[in-house]
$ cat upload_1.cif   # mmCIF, C-alpha atoms
data_data
loop_
_atom_site.group_PDB
_atom_site.id
_atom_site.type_symbol
_atom_site.label_atom_id
_atom_site.label_comp_id
_atom_site.auth_asym_id
_atom_site.auth_seq_id
_atom_site.Cartn_x
_atom_site.Cartn_y
_atom_site.Cartn_z
ATOM 1 C CA MET M 14 15.616 17.669 -10.497
ATOM 2 C CA LEU M 15 15.013 14.729 -12.748
ATOM 3 C CA PRO M 16 16.248 14.603 -16.321
ATOM 4 C CA LEU M 17 13.841 15.727 -19.038
ATOM 5 C CA ASN M 18 13.153 12.175 -20.157
ATOM 6 C CA SER M 19 11.906 11.179 -16.689
ATOM 7 C CA PRO M 20 8.221 10.365 -16.124
ATOM 8 C CA THR M 21 7.670 13.373 -13.873
ATOM 9 C CA ASN M 22 8.579 15.732 -16.700
ATOM 10 C CA SER M 23 6.529 13.791 -19.241
ATOM 11 C CA THR M 24 3.545 14.912 -21.194
ATOM 12 C CA LYS M 25 0.326 13.043 -20.541
ATOM 13 C CA ARG M 26 0.360 9.342 -21.426
ATOM 14 C CA LYS M 27 3.989 9.492 -22.574
ATOM 15 C CA LEU M 28 5.974 7.681 -19.878
ATOM 16 C CA PRO M 29 4.492 5.409 -17.196
ATOM 17 C CA LEU M 30 5.532 5.502 -13.536
ATOM 18 C CA TRP M 31 4.806 1.843 -12.793
ATOM 19 C CA ASP M 32 6.803 -1.102 -14.187
ATOM 20 C CA GLN M 33 5.637 -4.708 -13.823
ATOM 21 C CA ASP M 34 9.200 -6.037 -13.715
ATOM 22 C CA LYS M 35 11.042 -3.788 -11.258
ATOM 23 C CA GLU M 36 10.741 -1.246 -8.513
ATOM 24 C CA GLN M 37 10.894 2.357 -9.740
ATOM 25 C CA HIS M 38 12.205 5.290 -7.657
ATOM 26 C CA TYR M 39 11.705 8.964 -8.460
ATOM 27 C CA LEU M 40 13.110 12.005 -6.682
ATOM 28 C CA LEU M 41 11.045 15.146 -7.147
ATOM 29 C CA GLY M 42 11.915 18.602 -5.914
ATOM 30 C CA ARG M 43 15.041 19.513 -3.959
ATOM 31 C CA THR M 44 16.796 17.513 -1.273
ATOM 32 C CA LEU M 45 18.301 20.636 0.327
ATOM 33 C CA CYS M 46 15.047 22.490 1.004
ATOM 34 C CA TYR M 47 14.049 21.971 4.629
ATOM 35 C CA ALA M 48 11.265 24.555 4.616
ATOM 36 C CA GLU M 49 7.727 23.529 5.557
ATOM 37 C CA TRP M 50 5.207 23.138 2.755
ATOM 38 C CA GLU M 51 1.498 23.487 3.474
ATOM 39 C CA VAL M 52 -1.186 21.904 1.329
ATOM 40 C CA TYR M 53 -3.551 24.546 0.032
ATOM 41 C CA HIS M 54 -5.493 22.623 -2.600
ATOM 42 C CA ILE M 55 -6.408 19.004 -3.359
ATOM 43 C CA TRP M 56 -8.271 18.310 -6.564
ATOM 44 C CA GLN M 57 -9.713 15.162 -8.108
ATOM 45 C CA SER M 58 -11.717 13.977 -11.069
ATOM 46 C CA GLU M 59 -12.660 10.542 -12.340
ATOM 47 C CA ASN M 60 -9.121 9.311 -13.097
ATOM 48 C CA GLU M 61 -6.775 11.989 -11.724
ATOM 49 C CA PHE M 62 -5.832 13.956 -8.643
ATOM 50 C CA SER M 63 -3.425 16.660 -7.632
ATOM 51 C CA ILE M 64 -1.953 18.110 -4.468
ATOM 52 C CA GLU M 65 -0.748 21.702 -4.377
ATOM 53 C CA TRP M 66 1.522 23.222 -1.736
ATOM 54 C CA GLU M 67 2.781 26.641 -0.849
ATOM 55 C CA LEU M 68 5.795 27.533 1.207
ATOM 56 C CA ARG M 69 4.559 28.020 4.762
ATOM 57 C CA GLU M 70 6.683 31.120 5.329
ATOM 58 C CA PRO M 71 6.885 33.032 2.034
ATOM 59 C CA ASN M 72 10.166 34.789 1.244
ATOM 60 C CA ILE M 73 12.098 32.415 3.515
ATOM 61 C CA CYS M 74 13.834 29.489 1.947
ATOM 62 C CA PRO M 75 16.942 27.978 3.533
ATOM 63 C CA SER M 76 18.432 26.713 0.283
ATOM 64 C CA GLY M 77 18.136 29.901 -1.751
ATOM 65 C CA ASP M 78 16.189 30.441 -4.931
ATOM 66 C CA ASP M 79 15.732 26.772 -5.772
ATOM 67 C CA CYS M 80 13.328 25.954 -2.978
ATOM 68 C CA CYS M 81 11.014 23.067 -3.724
ATOM 69 C CA PRO M 82 9.712 20.274 -1.467
ATOM 70 C CA GLU M 83 11.495 16.925 -1.437
ATOM 71 C CA ILE M 84 9.115 14.230 -2.654
ATOM 72 C CA ARG M 85 10.045 10.614 -3.310
ATOM 73 C CA VAL M 86 7.816 8.270 -5.278
ATOM 74 C CA LYS M 87 8.314 4.502 -5.254
ATOM 75 C CA THR M 88 6.312 2.073 -7.378
ATOM 76 C CA SER M 89 6.637 -1.687 -6.996
ATOM 77 C CA PRO M 90 5.813 -4.644 -9.268
ATOM 78 C CA ASP M 91 3.064 -5.634 -6.796
ATOM 79 C CA ARG M 92 1.316 -2.391 -7.945
ATOM 80 C CA SER M 93 1.902 -0.549 -4.651
ATOM 81 C CA VAL M 94 2.778 3.148 -4.826
ATOM 82 C CA THR M 95 4.314 5.191 -2.001
ATOM 83 C CA VAL M 96 4.729 8.963 -2.064
ATOM 84 C CA TRP M 97 6.969 10.347 0.736
ATOM 85 C CA ILE M 98 6.872 14.109 1.329
ATOM 86 C CA ARG M 99 9.301 15.898 3.642
ATOM 87 C CA ASN M 100 7.976 18.772 5.796
ATOM 88 C CA ASN M 101 4.439 18.395 4.517
ATOM 89 C CA ILE M 102 1.732 20.135 6.537
ATOM 90 C CA LEU M 103 -1.718 18.586 6.199
ATOM 91 C CA SER M 104 -4.821 19.749 8.018
ATOM 92 C CA GLU M 105 -7.301 17.150 9.260
ATOM 93 C CA GLU M 106 -9.586 18.172 6.405
ATOM 94 C CA ASP M 107 -6.750 17.598 3.891
ATOM 95 C CA LYS M 108 -6.083 14.150 5.374
ATOM 96 C CA GLN M 109 -9.739 13.179 5.055
ATOM 97 C CA GLN M 110 -9.908 14.492 1.508
ATOM 98 C CA LEU M 111 -6.888 12.381 0.497
ATOM 99 C CA LEU M 112 -8.211 9.279 2.257
ATOM 100 C CA ASN M 113 -11.570 9.699 0.509
ATOM 101 C CA LEU M 114 -10.210 10.055 -3.023
ATOM 102 C CA GLN M 115 -12.250 8.074 -5.545
ATOM 103 C CA ILE M 116 -9.996 7.617 -8.574
ATOM 104 C CA LYS M 117 -10.471 4.947 -11.260
ATOM 105 C CA GLY M 118 -7.605 2.480 -11.019
ATOM 106 C CA ILE M 119 -6.542 3.447 -7.477
ATOM 107 C CA GLN M 120 -7.558 1.667 -4.275
ATOM 108 C CA ASN M 121 -6.419 1.157 -0.660
ATOM 109 C CA ILE M 122 -5.375 4.766 -0.041
ATOM 110 C CA GLN M 123 -3.506 5.253 3.243
ATOM 111 C CA LEU M 124 -1.704 8.096 5.014
ATOM 112 C CA PHE M 125 0.999 7.553 7.624
ATOM 113 C CA SER M 126 4.274 8.937 8.940
ATOM 114 C CA ALA M 127 7.534 7.213 8.056
ATOM 115 C CA THR M 128 11.229 7.945 8.051
ATOM 116 C CA LEU M 129 13.071 8.291 4.784
ATOM 117 C CA GLN M 130 15.018 5.144 5.664
ATOM 118 C CA GLU M 131 11.776 3.150 5.975
ATOM 119 C CA ILE M 132 10.721 4.231 2.490
ATOM 120 C CA GLU M 133 14.126 4.156 0.766
ATOM 121 C CA PRO M 134 16.330 1.730 2.768
ATOM 122 C CA MET M 135 19.041 1.557 0.087
ATOM 123 C CA ILE M 136 19.388 5.307 -0.486
ATOM 124 C CA GLU M 137 22.925 6.640 -0.698
ATOM 125 C CA GLY M 138 24.444 10.028 0.076
ATOM 126 C CA LYS M 139 22.296 10.834 3.119
ATOM 127 C CA THR M 140 23.456 11.334 6.695
ATOM 128 C CA LYS M 141 22.043 9.210 9.494
ATOM 129 C CA GLU M 142 20.033 12.232 10.656
ATOM 130 C CA GLU M 143 18.570 12.759 7.196
ATOM 131 C CA LEU M 144 17.588 9.093 6.963
ATOM 132 C CA MET M 145 15.711 9.384 10.261
ATOM 133 C CA GLU M 146 13.645 12.386 9.107
ATOM 134 C CA GLU M 147 9.923 11.838 9.336
ATOM 135 C CA GLY M 148 7.758 12.520 6.348
ATOM 136 C CA ILE M 149 4.129 12.070 5.432
ATOM 137 C CA CYS M 150 3.423 9.087 3.184
ATOM 138 C CA LEU M 151 0.534 8.688 0.829
ATOM 139 C CA SER M 152 0.284 5.112 -0.360
ATOM 140 C CA PHE M 153 -2.144 3.338 -2.636
ATOM 141 C CA THR M 154 -2.499 0.328 -4.913
ATOM 142 C CA LEU M 155 -2.760 0.606 -8.665
ATOM 143 C CA GLU M 156 -5.499 -1.739 -9.870
ATOM 144 C CA GLU M 157 -4.875 -4.453 -12.481
ATOM 145 C CA GLY M 158 -5.272 -3.143 -16.007
ATOM 146 C CA TYR M 159 -4.268 0.437 -15.123
ATOM 147 C CA GLN M 160 -1.074 2.423 -15.563
ATOM 148 C CA LEU M 161 -0.017 5.422 -13.475
ATOM 149 C CA TYR M 162 1.350 8.671 -14.894
ATOM 150 C CA GLY M 163 2.365 11.863 -13.161
ATOM 151 C CA GLU M 164 3.716 15.359 -13.342
ATOM 152 C CA PHE M 165 5.493 17.613 -10.845
ATOM 153 C CA SER M 166 6.263 21.283 -10.989
ATOM 154 C CA CYS M 167 7.624 23.914 -8.694
ATOM 155 C CA THR M 168 7.252 27.630 -9.366
ATOM 156 C CA ASP M 169 8.065 30.881 -7.674
ATOM 157 C CA HIS M 170 5.449 33.564 -8.269
ATOM 158 C CA LEU M 171 6.547 36.891 -6.798
ATOM 159 C CA ASN M 172 8.760 35.229 -4.174
ATOM 160 C CA HIS M 173 5.910 32.911 -3.192
ATOM 161 C CA PRO M 174 7.042 29.328 -4.018
ATOM 162 C CA GLU M 175 4.393 26.765 -4.892
ATOM 163 C CA ALA M 176 4.592 23.081 -5.809
ATOM 164 C CA PHE M 177 2.172 20.864 -7.719
ATOM 165 C CA LEU M 178 2.019 17.043 -7.855
ATOM 166 C CA TYR M 179 -0.380 15.433 -10.295
ATOM 167 C CA PHE M 180 -1.207 11.754 -10.864
ATOM 168 C CA TYR M 181 -3.555 10.191 -13.365
ATOM 169 C CA THR M 182 -4.497 6.661 -14.350
ATOM 170 C CA ALA M 183 -5.275 5.163 -17.746
ATOM 171 C CA ARG M 184 -6.206 1.722 -18.951
ATOM 172 C CA GLU M 185 -3.188 -0.282 -20.133
#

$ encode --input "upload_1.cif" --output "structure tokens"
Amino acid sequence: MLPLNSPTNSTKRKLPLWDQDKEQHYLLGRTLCYAEWEVYHIWQSENEFSIEWELREPNICPSGDDCCPEIRVKTSPDRSVTVWIRNNILSEEDKQQLLNLQIKGIQNIQLFSATLQEIEPMIEGKTKEELMEEGICLSFTLEEGYQLYGEFSCTDHLNHPEAFLYFYTARE
């Protein structure tokens, strides 16, 4: 997991995810969990949205008790944001809901499949097979004058792991 001072463990409006001067990379969740995660809820309001997952097969997690989906977030100075999610299961309805998000400060929302290597070409410590893993990407552009913030959590309620990814925008 990320250190406590990372943006994904921040309180609202404390640490931004986007930097105008350099690319930012965030690793959320666990890199050793290869279980499938199914979206069960997508929520939005005027300037925020969240995606919630549950482990597709409860009580089965290949990496033990610390099962959490691997999610990588990359923000670039050009205001583009890419969220790569390994073993993400989206229904057609979920895809449409994500593509139709109407969030202040976010535009050009796209969904596509990509390998980890395509998203993080300079990543170290991964095997060739791991770099060629397909994931679902959610990408969007952060509008001028806005900053992006986020939170991530992973819990295990009664041996039923769930994960939660939350983004919100605010005027700079």

$ closest_atom_pairs --input "upload_1.cif" --of "segment 75-142 of chain M" --to "segment 146-160 of chain M" --cutoff "10 Å" --atoms "only C-alpha atoms" --output "JSON lines"
{"residue": "M:Glu83", "atom": "CA", "partner": "M:Gly148", "partner_atom": "CA", "distance": 9.7}
{"residue": "M:Ile84", "atom": "CA", "partner": "M:Gly148", "partner_atom": "CA", "distance": 9.3}
{"residue": "M:Arg85", "atom": "CA", "partner": "M:Cys150", "partner_atom": "CA", "distance": 9.4}
{"residue": "M:Val86", "atom": "CA", "partner": "M:Leu151", "partner_atom": "CA", "distance": 9.5}
{"residue": "M:Lys87", "atom": "CA", "partner": "M:Ser152", "partner_atom": "CA", "distance": 9.4}
{"residue": "M:Thr88", "atom": "CA", "partner": "M:Leu155", "partner_atom": "CA", "distance": 9.3}
{"residue": "M:Ser89", "atom": "CA", "partner": "M:Thr154", "partner_atom": "CA", "distance": 9.6}
{"residue": "M:Asp91", "atom": "CA", "partner": "M:Thr154", "partner_atom": "CA", "distance": 8.4}
{"residue": "M:Arg92", "atom": "CA", "partner": "M:Leu155", "partner_atom": "CA", "distance": 5.1}
{"residue": "M:Ser93", "atom": "CA", "partner": "M:Thr154", "partner_atom": "CA", "distance": 4.5}
{"residue": "M:Val94", "atom": "CA", "partner": "M:Phe153", "partner_atom": "CA", "distance": 5.4}
{"residue": "M:Thr95", "atom": "CA", "partner": "M:Ser152", "partner_atom": "CA", "distance": 4.4}
{"residue": "M:Val96", "atom": "CA", "partner": "M:Leu151", "partner_atom": "CA", "distance": 5.1}
{"residue": "M:Trp97", "atom": "CA", "partner": "M:Cys150", "partner_atom": "CA", "distance": 4.5}
{"residue": "M:Ile98", "atom": "CA", "partner": "M:Gly148", "partner_atom": "CA", "distance": 5.3}
{"residue": "M:Arg99", "atom": "CA", "partner": "M:Gly148", "partner_atom": "CA", "distance": 4.6}
{"residue": "M:Asn100", "atom": "CA", "partner": "M:Gly148", "partner_atom": "CA", "distance": 6.3}
{"residue": "M:Asn101", "atom": "CA", "partner": "M:Ile149", "partner_atom": "CA", "distance": 6.4}
{"residue": "M:Ile102", "atom": "CA", "partner": "M:Ile149", "partner_atom": "CA", "distance": 8.5}
{"residue": "M:Leu103", "atom": "CA", "partner": "M:Ile149", "partner_atom": "CA", "distance": 8.8}
{"residue": "M:Lys108", "atom": "CA", "partner": "M:Leu151", "partner_atom": "CA", "distance": 9.7}
{"residue": "M:Leu111", "atom": "CA", "partner": "M:Leu151", "partner_atom": "CA", "distance": 8.3}
{"residue": "M:Leu112", "atom": "CA", "partner": "M:Leu151", "partner_atom": "CA", "distance": 8.9}
{"residue": "M:Lys117", "atom": "CA", "partner": "M:Glu156", "partner_atom": "CA", "distance": 8.4}
{"residue": "M:Gly118", "atom": "CA", "partner": "M:Glu156", "partner_atom": "CA", "distance": 4.9}
{"residue": "M:Ile119", "atom": "CA", "partner": "M:Leu155", "partner_atom": "CA", "distance": 4.9}
{"residue": "M:Gln120", "atom": "CA", "partner": "M:Thr154", "partner_atom": "CA", "distance": 5.3}
{"residue": "M:Asn121", "atom": "CA", "partner": "M:Phe153", "partner_atom": "CA", "distance": 5.2}
{"residue": "M:Ile122", "atom": "CA", "partner": "M:Phe153", "partner_atom": "CA", "distance": 4.4}
{"residue": "M:Gln123", "atom": "CA", "partner": "M:Ser152", "partner_atom": "CA", "distance": 5.2}
{"residue": "M:Leu124", "atom": "CA", "partner": "M:Leu151", "partner_atom": "CA", "distance": 4.8}
{"residue": "M:Phe125", "atom": "CA", "partner": "M:Cys150", "partner_atom": "CA", "distance": 5.3}
{"residue": "M:Ser126", "atom": "CA", "partner": "M:Ile149", "partner_atom": "CA", "distance": 4.7}
{"residue": "M:Ala127", "atom": "CA", "partner": "M:Glu147", "partner_atom": "CA", "distance": 5.4}
{"residue": "M:Thr128", "atom": "CA", "partner": "M:Glu147", "partner_atom": "CA", "distance": 4.3}
{"residue": "M:Leu129", "atom": "CA", "partner": "M:Glu146", "partner_atom": "CA", "distance": 6.0}
{"residue": "M:Gln130", "atom": "CA", "partner": "M:Glu146", "partner_atom": "CA", "distance": 8.1}
{"residue": "M:Glu131", "atom": "CA", "partner": "M:Glu147", "partner_atom": "CA", "distance": 9.5}
{"residue": "M:Ile132", "atom": "CA", "partner": "M:Cys150", "partner_atom": "CA", "distance": 8.8}
{"residue": "M:Lys141", "atom": "CA", "partner": "M:Glu146", "partner_atom": "CA", "distance": 9.0}
{"residue": "M:Glu142", "atom": "CA", "partner": "M:Glu146", "partner_atom": "CA", "distance": 6.6}

$ resolve_selection --input "upload_1.cif" --expression "the PyMOL selection byres ((chain M and resi 68) around 7)" --output "PDB file with C-alpha atoms, keeping the file's coordinate frame"
ATOM      1  CA  GLU M  49       7.727  23.529   5.557  1.00  0.00           C
ATOM      2  CA  TRP M  50       5.207  23.138   2.755  1.00  0.00           C
ATOM      3  CA  GLU M  51       1.498  23.487   3.474  1.00  0.00           C
ATOM      4  CA  TRP M  66       1.522  23.222  -1.736  1.00  0.00           C
ATOM      5  CA  GLU M  67       2.781  26.641  -0.849  1.00  0.00           C
ATOM      6  CA  ARG M  69       4.559  28.020   4.762  1.00  0.00           C
ATOM      7  CA  GLU M  70       6.683  31.120   5.329  1.00  0.00           C
ATOM      8  CA  PRO M  71       6.885  33.032   2.034  1.00  0.00           C
ATOM      9  CA  HIS M 173       5.910  32.911  -3.192  1.00  0.00           C
ATOM     10  CA  PRO M 174       7.042  29.328  -4.018  1.00  0.00           C
ATOM     11  CA  GLU M 175       4.393  26.765  -4.892  1.00  0.00           C
TER      12      GLU M 175
END

$ resolve_selection --input "upload_1.cif" --expression "the PyMOL selection byres ((chain M and resi 32-35) around 7)" --output "number ranges by chain"
M: 30-31, 36-37, 89-90

$ axis_aligned_box --input "upload_1.cif" --around "segment 156-168 of chain M" --padding-each-side "6 Å" --output "AutoDock Vina command-line options"
--center_x 1.1 --center_y 11.6 --center_z -12.4 --size_x 25.1 --size_y 44.1 --size_z 19.3

$ residues_near_point --input "upload_1.cif" --point "(-7.9, 14.4, -6.6)" --cutoff "8 Å" --atoms "all atoms listed in the file" --output "list in words"
Ile55, Trp56, Gln57, Ser58, Glu61, Phe62, Ser63, Ile64, Leu111, Leu114, Gln115 and Ile116 of chain M

$ residues_around --input "upload_1.cif" --residues "Ser166 of chain M" --least-positions-apart "4" --cutoff "8 Å" --atoms "only C-alpha atoms" --output "PyMOL selection string"
chain M and resi 176-178

$ atom_distance --input "upload_1.cif" --atom1 "atom CA of Gln110 of chain M" --atom2 "atom CA of Arg184 of chain M"
24.4 Å

$ residues_near_point --input "upload_1.cif" --point "(12.9, 23.3, -5.2)" --cutoff "6 Å" --atoms "only C-alpha atoms" --output "PyMOL selection string"
chain M and resi 42-43+79-82

$ closest_residue --input "upload_1.cif" --among "M:Val52, M:Leu40, M:Met145, M:Ala183" --to "Leu161 of chain M" --atoms "only C-alpha atoms"
M:Ala183

$ atom_distance --input "upload_1.cif" --atom1 "atom CA of Thr44 of chain M" --atom2 "atom CA of Asn113 of chain M"
29.5 Å
